[in-house]
Amino acid sequence: MRQAKVGLALGSGAAKGWAHIGVVNALVEMGIKIDVVAGCSVGALVGAACACQRLPVLEEWVRSFRAWDVLRLMDVSWRRGGLLRGDRVFSHVRTIIDHQVIETCPLRFGAVATNLSTGRELWFTRGDLHSAVRASCSIPGLLAPVSHNGYWLVDGAVVNPVPVSLTRAMGADIVIAVDLQHDAHLMSQELMSSPDGQYNPDLFAEADWRERLKVRLRRGPVHKKRRAPGAMEIMTTSIQVLENRIKLNRMAGDPPDILLQPRCPQISTLDFHRAEEAIAAGRQVVEDHFAELQPLVAIDE
């Protein structure tokens, strides 16, 4: 008889969030039964699809994205608290995730958002599913905030980027956390330090720091003028730095039982058309932790 409940804590990460799809698919294929799903930001979106058993439909949609498709989904607005309104994206999400209320989801689900007025995190475990997901995804400055009970809500990553605490609070005995931002600084660091602004994949291969240092030293002196980072790079990188610090503090006090960190530093904030790469990274990290995850399969026995 099954004694323990397995929970997923799906972290923030913008376009890297499609890696969550690969993680969930790989876990299910292993035979690990998921009981609880908590998500932050894009993790809330993927988590809601998982909890409502609509992940295959979401995957089919995001795999179809091309760069122009992503641009068409961006409804720009300078007058609503964010660069994008988000109406086009979340209107389509409603057609994919057909459950309207969190309590009706086949799996227990929760999403975390941030209350701008109080600075505290807000846990959505009941009520309107789509409002919860949209609030959790509202990256400050990029997506418009969401009004809720007289307050304005933004991305849960401001306070709890990888919601291990929420996952445990909803009854999970064993928490598998998926952290997408552990290498987020690498891509931006390379762009901001590279003279031509081009990404060098050699620096982010599986080699350790000694090998990466050798690559840098082989370049020799560079005298080209460095490209100044753009406004979007500065905003998103600054947010990622803050999120990482908060995440490390939160997980130091409440560590997950298993931590999965997909490697996809080449995927930037708005690279939502690179779902194939992100999903593959999610699958790969489960394979890399197969021995650590294997005992969870036996929980059902």
# chains A, B, ... in the order shown; residues from 1 in each chain; ligands from 1
$ select_by_dssp --residues "range 13-119 of chain A" --states "strand (DSSP E)" --output "count of residues only"
16
$ residues_around --residues "Leu55 in chain A" --least-positions-apart "4" --cutoff "8 Å" --atoms "only C-alpha atoms" --output "list in words"
Ile21, Val46, Ala49, Cys50 and Glu59 of chain A
$ atom_distance --atom1 "CA of Val42 in chain A" --atom2 "CA of Ala135 in chain A"
10.6 Å
$ closest_residue --among "A:Trp152, A:Phe109, A:Trp18, A:Phe272" --to "Cys52 in chain A" --atoms "only C-alpha atoms"
A:Phe109
$ residues_around --residues "Arg126 in chain A" --least-positions-apart "3" --cutoff "8 Å" --atoms "only C-alpha atoms" --output "PDB file with all heavy atoms, in the first residue's frame"
ATOM      1  N   VAL A 101     -11.772  25.736 -11.925  1.00  0.00           N
ATOM      2  CA  VAL A 101     -11.596  25.866 -10.480  1.00  0.00           C
ATOM      3  C   VAL A 101     -10.526  24.895 -10.018  1.00  0.00           C
ATOM      4  O   VAL A 101     -10.502  23.733 -10.443  1.00  0.00           O
ATOM      5  CB  VAL A 101     -12.930  25.578  -9.744  1.00  0.00           C
ATOM      6  CG1 VAL A 101     -12.750  25.735  -8.237  1.00  0.00           C
ATOM      7  CG2 VAL A 101     -14.026  26.507 -10.246  1.00  0.00           C
ATOM      8  N   ILE A 102      -9.644  25.363  -9.156  1.00  0.00           N
ATOM      9  CA  ILE A 102      -8.516  24.547  -8.707  1.00  0.00           C
ATOM     10  C   ILE A 102      -8.982  23.255  -8.042  1.00  0.00           C
ATOM     11  O   ILE A 102      -8.386  22.191  -8.249  1.00  0.00           O
ATOM     12  CB  ILE A 102      -7.626  25.354  -7.741  1.00  0.00           C
ATOM     13  CG1 ILE A 102      -6.954  26.519  -8.490  1.00  0.00           C
ATOM     14  CG2 ILE A 102      -6.565  24.469  -7.077  1.00  0.00           C
ATOM     15  CD1 ILE A 102      -6.141  27.450  -7.608  1.00  0.00           C
ATOM     16  N   GLU A 103     -10.063  23.323  -7.292  1.00  0.00           N
ATOM     17  CA  GLU A 103     -10.534  22.146  -6.564  1.00  0.00           C
ATOM     18  C   GLU A 103     -10.952  21.001  -7.475  1.00  0.00           C
ATOM     19  O   GLU A 103     -11.011  19.843  -7.034  1.00  0.00           O
ATOM     20  CB  GLU A 103     -11.727  22.500  -5.657  1.00  0.00           C
ATOM     21  CG  GLU A 103     -11.390  23.478  -4.551  1.00  0.00           C
ATOM     22  CD  GLU A 103     -11.635  24.923  -4.940  1.00  0.00           C
ATOM     23  OE1 GLU A 103     -11.214  25.318  -6.043  1.00  0.00           O
ATOM     24  OE2 GLU A 103     -12.257  25.642  -4.143  1.00  0.00           O
ATOM     25  N   GLY A 110      -1.342  23.918  -6.619  1.00  0.00           N
ATOM     26  CA  GLY A 110      -1.227  25.228  -6.000  1.00  0.00           C
ATOM     27  C   GLY A 110      -0.268  26.104  -6.785  1.00  0.00           C
ATOM     28  O   GLY A 110       0.653  25.615  -7.436  1.00  0.00           O
ATOM     29  N   LEU A 129      -8.725  28.917 -11.237  1.00  0.00           N
ATOM     30  CA  LEU A 129      -7.449  28.345 -11.674  1.00  0.00           C
ATOM     31  C   LEU A 129      -6.693  29.295 -12.594  1.00  0.00           C
ATOM     32  O   LEU A 129      -5.485  29.512 -12.437  1.00  0.00           O
ATOM     33  CB  LEU A 129      -7.697  27.011 -12.380  1.00  0.00           C
ATOM     34  CG  LEU A 129      -6.494  26.336 -13.042  1.00  0.00           C
ATOM     35  CD1 LEU A 129      -5.459  25.950 -12.001  1.00  0.00           C
ATOM     36  CD2 LEU A 129      -6.938  25.115 -13.833  1.00  0.00           C
TER      37      LEU A 129
END
$ atom_distance --atom1 "CA of Gly171 in chain A" --atom2 "CA of Ala281 in chain A"
28.2 Å
$ atom_distance --atom1 "CA of Leu10 in chain A" --atom2 "CA of Pro255 in chain A"
13.8 Å
$ residues_around --residues "Leu27 in chain A" --least-positions-apart "5" --cutoff "9 Å" --atoms "only C-alpha atoms" --output "PyMOL selection string"
chain A and resi 22+32-34+283+286+293
$ closest_residue --among "A:Thr118, A:Asp35, A:Leu83, A:Thr236" --to "Gln3 in chain A" --atoms "only C-alpha atoms"
A:Asp35
$ closest_residue --among "A:His20, A:His92, A:Arg63, A:Lys247" --to "Val178 in chain A" --atoms "only C-alpha atoms"
A:His20
$ closest_residue --among "A:Gly39, A:Pro161, A:Gly150, A:Gly47" --to "Val24 in chain A" --atoms "only C-alpha atoms"
A:Gly47
$ select_by_dssp --residues "range 43-283 of chain A" --states "helix (DSSP H, G or I)" --output "ChimeraX atom specification"
/A:43-51,55-63,67-73,87-96,102-104,129-136,156-158,164-169,184-193,201-204,209-219,231-253,275-283
$ residues_around --residues "Ala275 in chain A" --least-positions-apart "4" --cutoff "12 Å" --atoms "only C-alpha atoms" --output "list in words"
Ala14, Ala15, Lys16, Gly17, Trp18, Ala19, His20, Ile21, Gly22, Leu58, Glu59, Glu60, Trp61, Val62, Arg63, Ser64, Phe65, Arg66, Ala67, Val70, Cys264, Ile267, Ser268, Leu270, Asp271, Ile279, Ala280, Ala281 and Gly282 of chain A
$ write_last_selection --atoms "N, CA, C and O atoms" --output "mmCIF file, in the first residue's frame"
data_model
loop_
_atom_site.group_PDB
_atom_site.id
_atom_site.type_symbol
_atom_site.label_atom_id
_atom_site.label_comp_id
_atom_site.auth_asym_id
_atom_site.auth_seq_id
_atom_site.Cartn_x
_atom_site.Cartn_y
_atom_site.Cartn_z
ATOM 1 N N ALA A 14 10.689 31.557 -17.124
ATOM 2 C CA ALA A 14 10.241 32.061 -18.427
ATOM 3 C C ALA A 14 10.309 30.957 -19.486
ATOM 4 O O ALA A 14 9.797 29.870 -19.259
ATOM 5 N N ALA A 15 10.984 31.205 -20.618
ATOM 6 C CA ALA A 15 10.982 30.241 -21.726
ATOM 7 C C ALA A 15 11.639 28.917 -21.369
ATOM 8 O O ALA A 15 11.340 27.889 -21.985
ATOM 9 N N LYS A 16 12.513 28.920 -20.367
ATOM 10 C CA LYS A 16 13.102 27.654 -19.930
ATOM 11 C C LYS A 16 12.056 26.735 -19.301
ATOM 12 O O LYS A 16 12.290 25.556 -19.102
ATOM 13 N N GLY A 17 10.893 27.316 -18.984
ATOM 14 C CA GLY A 17 9.859 26.572 -18.297
ATOM 15 C C GLY A 17 9.343 25.369 -19.042
ATOM 16 O O GLY A 17 8.777 24.450 -18.434
ATOM 17 N N TRP A 18 9.538 25.343 -20.364
ATOM 18 C CA TRP A 18 9.093 24.153 -21.101
ATOM 19 C C TRP A 18 9.904 22.928 -20.690
ATOM 20 O O TRP A 18 9.481 21.794 -20.946
ATOM 21 N N ALA A 19 11.032 23.126 -20.020
ATOM 22 C CA ALA A 19 11.801 21.980 -19.501
ATOM 23 C C ALA A 19 10.967 21.197 -18.484
ATOM 24 O O ALA A 19 11.164 19.978 -18.314
ATOM 25 N N HIS A 20 10.049 21.875 -17.800
ATOM 26 C CA HIS A 20 9.168 21.179 -16.857
ATOM 27 C C HIS A 20 8.380 20.070 -17.554
ATOM 28 O O HIS A 20 8.110 19.026 -16.952
ATOM 29 N N ILE A 21 8.006 20.303 -18.811
ATOM 30 C CA ILE A 21 7.250 19.301 -19.561
ATOM 31 C C ILE A 21 8.078 18.029 -19.711
ATOM 32 O O ILE A 21 7.590 16.915 -19.498
ATOM 33 N N GLY A 22 9.337 18.199 -20.077
ATOM 34 C CA GLY A 22 10.225 17.053 -20.218
ATOM 35 C C GLY A 22 10.431 16.316 -18.904
ATOM 36 O O GLY A 22 10.474 15.082 -18.864
ATOM 37 N N LEU A 58 -0.771 20.936 -24.046
ATOM 38 C CA LEU A 58 0.127 22.084 -23.902
ATOM 39 C C LEU A 58 1.429 21.837 -24.646
ATOM 40 O O LEU A 58 1.941 22.724 -25.346
ATOM 41 N N GLU A 59 1.962 20.623 -24.523
ATOM 42 C CA GLU A 59 3.210 20.295 -25.202
ATOM 43 C C GLU A 59 3.066 20.426 -26.718
ATOM 44 O O GLU A 59 3.954 20.967 -27.392
ATOM 45 N N GLU A 60 1.979 19.931 -27.253
ATOM 46 C CA GLU A 60 1.766 20.022 -28.695
ATOM 47 C C GLU A 60 1.736 21.481 -29.145
ATOM 48 O O GLU A 60 2.290 21.842 -30.189
ATOM 49 N N TRP A 61 1.090 22.323 -28.344
ATOM 50 C CA TRP A 61 0.995 23.747 -28.683
ATOM 51 C C TRP A 61 2.362 24.410 -28.666
ATOM 52 O O TRP A 61 2.745 25.078 -29.632
ATOM 53 N N VAL A 62 3.131 24.238 -27.595
ATOM 54 C CA VAL A 62 4.405 24.955 -27.484
ATOM 55 C C VAL A 62 5.439 24.409 -28.460
ATOM 56 O O VAL A 62 6.331 25.154 -28.905
ATOM 57 N N ARG A 63 5.356 23.133 -28.799
ATOM 58 C CA ARG A 63 6.281 22.581 -29.794
ATOM 59 C C ARG A 63 6.030 23.159 -31.181
ATOM 60 O O ARG A 63 6.925 23.141 -32.037
ATOM 61 N N SER A 64 4.832 23.688 -31.398
ATOM 62 C CA SER A 64 4.499 24.255 -32.713
ATOM 63 C C SER A 64 4.988 25.682 -32.885
ATOM 64 O O SER A 64 4.939 26.234 -33.985
ATOM 65 N N PHE A 65 5.477 26.301 -31.808
ATOM 66 C CA PHE A 65 5.896 27.706 -31.866
ATOM 67 C C PHE A 65 7.074 27.906 -32.801
ATOM 68 O O PHE A 65 8.036 27.147 -32.789
ATOM 69 N N ARG A 66 6.986 28.971 -33.580
ATOM 70 C CA ARG A 66 8.121 29.518 -34.287
ATOM 71 C C ARG A 66 8.332 30.942 -33.763
ATOM 72 O O ARG A 66 7.469 31.477 -33.072
ATOM 73 N N ALA A 67 9.447 31.543 -34.092
ATOM 74 C CA ALA A 67 9.739 32.877 -33.556
ATOM 75 C C ALA A 67 8.627 33.866 -33.864
ATOM 76 O O ALA A 67 8.229 34.667 -33.009
ATOM 77 N N VAL A 70 5.555 33.496 -31.587
ATOM 78 C CA VAL A 70 5.736 34.114 -30.276
ATOM 79 C C VAL A 70 5.499 35.616 -30.364
ATOM 80 O O VAL A 70 4.830 36.206 -29.511
ATOM 81 N N CYS A 264 19.983 24.504 -19.645
ATOM 82 C CA CYS A 264 19.644 25.133 -20.927
ATOM 83 C C CYS A 264 19.947 26.626 -20.877
ATOM 84 O O CYS A 264 19.052 27.453 -21.056
ATOM 85 N N ILE A 267 18.886 29.314 -23.663
ATOM 86 C CA ILE A 267 17.510 29.763 -23.859
ATOM 87 C C ILE A 267 17.280 31.035 -23.052
ATOM 88 O O ILE A 267 17.361 31.031 -21.820
ATOM 89 N N SER A 268 16.972 32.121 -23.736
ATOM 90 C CA SER A 268 16.743 33.406 -23.081
ATOM 91 C C SER A 268 15.290 33.541 -22.635
ATOM 92 O O SER A 268 14.443 32.698 -22.938
ATOM 93 N N LEU A 270 12.607 35.200 -23.501
ATOM 94 C CA LEU A 270 11.470 35.151 -24.425
ATOM 95 C C LEU A 270 11.643 34.146 -25.555
ATOM 96 O O LEU A 270 10.939 34.210 -26.556
ATOM 97 N N ASP A 271 12.547 33.197 -25.387
ATOM 98 C CA ASP A 271 12.767 32.176 -26.425
ATOM 99 C C ASP A 271 11.744 31.040 -26.321
ATOM 100 O O ASP A 271 12.101 29.858 -26.262
ATOM 101 N N ILE A 279 12.490 21.007 -23.514
ATOM 102 C CA ILE A 279 11.884 19.731 -23.132
ATOM 103 C C ILE A 279 12.951 18.636 -23.075
ATOM 104 O O ILE A 279 12.963 17.797 -22.170
ATOM 105 N N ALA A 280 13.856 18.661 -24.046
ATOM 106 C CA ALA A 280 14.953 17.675 -24.053
ATOM 107 C C ALA A 280 15.830 17.826 -22.811
ATOM 108 O O ALA A 280 16.275 16.832 -22.218
ATOM 109 N N ALA A 281 16.079 19.066 -22.395
ATOM 110 C CA ALA A 281 16.885 19.307 -21.191
ATOM 111 C C ALA A 281 16.179 18.758 -19.954
ATOM 112 O O ALA A 281 16.824 18.223 -19.040
ATOM 113 N N GLY A 282 14.849 18.885 -19.930
ATOM 114 C CA GLY A 282 14.081 18.344 -18.814
ATOM 115 C C GLY A 282 14.171 16.832 -18.748
ATOM 116 O O GLY A 282 14.330 16.248 -17.668
#
$ closest_residue --among "A:Gln294, A:Ser165, A:Thr114, A:Gln284" --to "Ile139 in chain A" --atoms "only C-alpha atoms"
A:Thr114
$ closest_residue --among "A:Leu180, A:Cys137, A:Pro106, A:Ile234" --to "Pro265 in chain A" --atoms "only C-alpha atoms"
A:Leu180
$ residues_around --residues "Asp179 in chain A" --least-positions-apart "3" --cutoff "7 Å" --atoms "only C-alpha atoms" --output "list in words"
Gly11, Val162, His182, Leu260 and Gln261 of chain A
$ write_last_selection --atoms "N, CA and C atoms" --output "PDB file, in the first residue's frame"
ATOM      1  N   GLY A  11       9.684  25.461 -10.625  1.00  0.00           N
ATOM      2  CA  GLY A  11      10.157  26.820 -10.449  1.00  0.00           C
ATOM      3  C   GLY A  11       9.949  27.737 -11.633  1.00  0.00           C
ATOM      4  N   VAL A 162      11.022  28.723  -6.255  1.00  0.00           N
ATOM      5  CA  VAL A 162      10.828  27.270  -6.345  1.00  0.00           C
ATOM      6  C   VAL A 162      10.002  26.869  -5.115  1.00  0.00           C
ATOM      7  N   HIS A 182      19.279  28.104 -12.051  1.00  0.00           N
ATOM      8  CA  HIS A 182      20.598  27.900 -11.467  1.00  0.00           C
ATOM      9  C   HIS A 182      21.715  28.336 -12.402  1.00  0.00           C
ATOM     10  N   LEU A 260      16.277  18.824  -9.127  1.00  0.00           N
ATOM     11  CA  LEU A 260      16.593  18.661 -10.547  1.00  0.00           C
ATOM     12  C   LEU A 260      16.863  20.032 -11.147  1.00  0.00           C
ATOM     13  N   GLN A 261      17.982  20.163 -11.862  1.00  0.00           N
ATOM     14  CA  GLN A 261      18.369  21.450 -12.460  1.00  0.00           C
ATOM     15  C   GLN A 261      18.697  21.258 -13.942  1.00  0.00           C
TER      16      GLN A 261
END
